[in-house]
$ cat entry-v2.txt   # compact mmCIF, C-alpha atoms
# COMPACT_ATOMS: atom_id res chain seq x y z
CA MET A 1 143.63 -123.36 164.63
CA GLN A 2 144.40 -127.08 164.73
CA GLU A 3 148.03 -128.17 164.81
CA ILE A 4 149.29 -130.08 161.75
CA SER A 5 150.20 -133.72 162.35
CA THR A 6 153.87 -134.72 162.42
CA LYS A 7 153.10 -137.82 160.32
CA PRO A 8 153.52 -136.27 156.83
CA TYR A 9 156.81 -134.67 157.91
CA LEU A 10 158.12 -137.97 159.26
CA LEU A 11 157.06 -139.73 156.04
CA ARG A 12 158.94 -137.19 153.91
CA ALA A 13 162.01 -137.40 156.16
CA LEU A 14 162.14 -141.20 156.03
CA TYR A 15 161.58 -141.14 152.26
CA GLU A 16 164.56 -138.80 151.94
CA TRP A 17 166.66 -140.97 154.28
CA CYS A 18 165.88 -144.06 152.16
CA THR A 19 166.80 -142.35 148.89
CA ASP A 20 169.95 -140.73 150.32
CA ASN A 21 171.17 -144.17 151.42
CA GLY A 22 170.29 -145.90 148.14
CA TYR A 23 167.37 -147.83 149.69
CA THR A 24 163.94 -148.42 148.13
CA PRO A 25 161.18 -146.72 150.17
CA HIS A 26 157.93 -148.64 150.57
CA ILE A 27 154.70 -147.65 152.29
CA ALA A 28 152.17 -150.02 153.83
CA VAL A 29 148.67 -148.63 153.35
CA ARG A 30 145.25 -149.46 154.79
CA VAL A 31 142.86 -149.39 151.84
CA ASP A 32 139.40 -147.87 152.21
CA ASN A 33 136.96 -146.05 149.93
CA GLN A 34 139.16 -142.90 149.93
CA THR A 35 142.27 -144.77 148.79
CA ARG A 36 142.82 -144.95 145.03
CA VAL A 37 144.91 -148.02 144.17
CA PRO A 38 144.41 -150.97 141.80
CA ARG A 39 142.07 -153.17 143.87
CA GLN A 40 143.31 -156.46 142.40
CA PHE A 41 146.58 -155.99 144.34
CA VAL A 42 144.91 -155.31 147.70
CA ARG A 43 145.12 -158.12 150.29
CA ASP A 44 143.22 -157.96 153.60
CA ASN A 45 142.43 -154.27 152.96
CA GLU A 46 146.16 -153.47 152.80
CA ILE A 47 148.71 -152.85 150.05
CA VAL A 48 152.44 -152.19 150.04
CA LEU A 49 153.64 -149.62 147.49
CA ASN A 50 157.14 -148.94 146.20
CA ILE A 51 157.42 -145.13 146.19
CA SER A 52 160.97 -144.89 144.88
CA PHE A 53 161.87 -142.40 142.16
CA GLU A 54 162.34 -145.26 139.68
CA ALA A 55 158.89 -146.77 140.38
CA THR A 56 156.81 -143.57 140.45
CA SER A 57 156.07 -140.57 138.30
CA GLN A 58 155.00 -137.16 139.59
CA LEU A 59 155.30 -138.16 143.27
CA GLN A 60 153.76 -135.56 145.58
CA MET A 61 153.96 -136.06 149.34
CA GLY A 62 151.68 -133.43 150.85
CA ASN A 63 150.28 -133.02 154.35
CA GLU A 64 146.99 -134.77 153.51
CA TRP A 65 147.75 -137.06 150.52
CA ILE A 66 150.50 -138.98 148.76
CA GLU A 67 149.83 -138.96 145.02
CA PHE A 68 151.75 -140.44 142.10
CA SER A 69 151.47 -142.52 138.95
CA ALA A 70 152.88 -146.04 138.88
CA ARG A 71 152.79 -149.13 136.72
CA PHE A 72 151.18 -152.38 137.86
CA SER A 73 151.64 -155.34 135.49
CA GLY A 74 152.67 -152.87 132.79
CA LYS A 75 149.59 -150.64 133.09
CA SER A 76 149.85 -147.08 134.46
CA HIS A 77 147.63 -146.16 137.42
CA LYS A 78 147.04 -142.90 139.29
CA ILE A 79 147.60 -143.64 142.99
CA GLU A 80 146.09 -141.49 145.76
CA VAL A 81 146.66 -142.39 149.40
CA PRO A 82 145.42 -140.35 152.38
CA ILE A 83 148.26 -139.73 154.85
CA ALA A 84 145.90 -140.95 157.59
CA ASN A 85 145.83 -144.43 155.97
CA ILE A 86 149.59 -145.03 155.97
CA LEU A 87 150.52 -147.85 158.34
CA ALA A 88 154.30 -147.71 157.85
CA ILE A 89 157.20 -146.51 155.72
CA TYR A 90 160.35 -148.60 155.45
CA ALA A 91 163.38 -149.47 153.33
CA ARG A 92 162.89 -152.69 151.35
CA GLU A 93 166.54 -153.69 151.66
CA ASN A 94 166.82 -153.71 155.45
CA GLY A 95 163.28 -153.22 156.78
CA GLN A 96 164.18 -150.11 158.77
CA GLY A 97 161.43 -147.55 159.00
CA MET A 98 158.52 -146.39 161.11
CA ALA A 99 155.01 -147.66 161.85
CA PHE A 100 152.06 -145.39 162.58
CA PRO A 101 148.69 -145.85 164.30
CA VAL A 102 145.85 -145.51 161.79
CA GLU A 103 142.47 -144.11 162.75
CA SER A 104 139.46 -146.28 162.02
CA ALA A 105 136.21 -144.92 160.60
CA GLY A 106 135.03 -144.36 164.18
CA GLY A 107 137.97 -142.07 164.91
CA GLU A 108 139.88 -144.31 167.30
CA ALA A 109 143.43 -145.42 166.56
CA GLN A 110 144.06 -148.98 165.46
CA ASP A 111 147.25 -150.95 165.94
CA SER A 112 149.35 -150.82 162.79
CA GLY A 113 150.59 -154.37 163.42
CA ALA A 114 153.72 -153.51 165.40
CA ASP A 115 154.65 -155.99 168.10
CA ALA A 116 154.37 -153.35 170.82
CA GLU A 117 151.98 -152.90 173.68
CA LEU A 118 151.10 -149.25 173.91
CA ALA A 119 149.22 -147.87 176.90
CA ASP A 120 147.36 -145.24 174.88
CA GLU A 121 147.62 -145.74 171.11
CA THR A 122 146.05 -142.39 170.27
CA GLU A 123 148.83 -140.52 172.08
CA ALA A 124 151.68 -142.94 171.36
CA PRO A 125 154.45 -141.74 169.07
CA ALA A 126 155.24 -143.70 165.96
CA ALA A 127 157.67 -146.51 166.64
CA PRO A 128 160.78 -147.36 164.63
CA VAL A 129 160.30 -150.76 163.06
CA SER A 130 161.89 -153.46 161.02
CA VAL A 131 159.44 -154.73 158.43
CA ALA A 132 159.36 -158.10 156.71
CA PRO A 133 158.43 -156.88 153.21
CA ARG A 134 155.48 -158.58 151.54
CA ALA A 135 152.93 -157.67 148.94
CA VAL A 136 152.94 -156.13 145.53
CA GLU A 137 155.20 -153.20 144.81
CA THR A 138 154.87 -150.75 142.00
CA SER A 139 157.40 -151.26 139.28
CA SER A 140 159.07 -149.84 136.25
CA ALA A 141 158.36 -151.45 132.89
CA ALA A 142 161.46 -153.64 133.32
CA ASP A 143 160.13 -154.96 136.65
CA ALA A 144 156.49 -155.40 135.58
CA ALA A 145 156.81 -159.18 135.27
CA LYS A 146 158.36 -159.39 138.72
CA ALA A 147 155.47 -157.41 140.25
CA GLU A 148 152.94 -159.58 138.45
CA SER A 149 154.53 -162.79 139.72
CA ALA A 150 154.46 -161.41 143.28
CA THR A 151 150.66 -161.56 143.19
CA ASP A 152 150.43 -165.28 142.47
CA GLY A 153 149.74 -166.13 146.12
CA PRO A 154 151.53 -166.08 149.45
CA GLN A 155 155.29 -165.97 149.07
CA PRO A 156 157.56 -167.85 151.47
CA ASP A 157 159.12 -165.75 154.20
CA ASP A 158 162.88 -165.77 154.77
CA ASP A 159 162.47 -168.81 157.02
CA GLY A 160 160.69 -170.72 154.21
CA SER A 161 157.26 -170.70 155.83
CA LYS A 162 154.30 -169.14 154.09
CA GLY A 163 153.27 -165.99 155.95
CA GLY A 164 149.74 -164.97 156.76
CA GLY A 165 149.76 -162.47 153.89
CA ARG A 166 150.40 -159.39 156.04
CA ALA A 167 153.53 -157.41 156.48
CA ARG A 168 154.97 -158.07 159.92
CA LEU A 169 156.36 -155.13 161.81
CA LYS A 170 159.01 -155.61 164.44
CA ILE A 171 160.13 -152.93 166.90
CA VAL A 172 163.86 -152.23 166.67
CA LYS A 173 165.62 -150.63 169.63

$ encode --input "entry-v2.txt" --output "structure tokens"
Amino acid sequence: MQEISTKPYLLRALYEWCTDNGYTPHIAVRVDNQTRVPRQFVRDNEIVLNISFEATSQLQMGNEWIEFSARFSGKSHKIEVPIANILAIYARENGQGMAFPVESAGGEAQDSGADAELADETEAPAAPVSVAPRAVETSSAADAAKAESATDGPQPDDDGSKGGGRARLKIVK
């Protein structure tokens, strides 16, 4: 019998930590043919999703999938994300969270974008990270316009420069 991965348990724990502290949990996801998200919001085969209670309906965080309904530009979508495709979970307000290696189609682990050099990525534990939030987040009806405007192109980073369109993960010690 194969041992269950710790990843879904860590995701649920960090989700709970975010909500207990009044933070907004976000997940960065690698999008492939198994991932069910609105494709118009995907950039470089990745999407960032707001999974807070206010932004989702019927959220289920299982050991294999995260599933929920969310609104994008005012239209409801059923979202289905394989746990294996989650790159990171973090709090929008302070960027604290955790990054994970994601397996490619060939089975080997890929770097999730963290600024760390790992000797063996397939055996490396997930690293705590600080994330510079970027990308579209799911939204309530009141925030639909905000989410829509976030897709109008690259947004300036905190330093005023336009980022490369990817969330940047930074190891925090």

$ atom_distance --input "entry-v2.txt" --atom1 "atom CA of A:Ile51" --atom2 "atom CA of A:Gln2"
29.0 Å

$ atom_distance --input "entry-v2.txt" --atom1 "atom CA of A:Pro8" --atom2 "atom CA of A:Ile83"
6.6 Å

$ atom_distance --input "entry-v2.txt" --atom1 "atom CA of A:Gly22" --atom2 "atom CA of A:Glu54"
11.6 Å

$ closest_residue --input "entry-v2.txt" --among "A:Gln40, A:Gly62, A:Tyr90, A:Thr24" --to "A:Ser5" --atoms "only C-alpha atoms"
A:Gly62
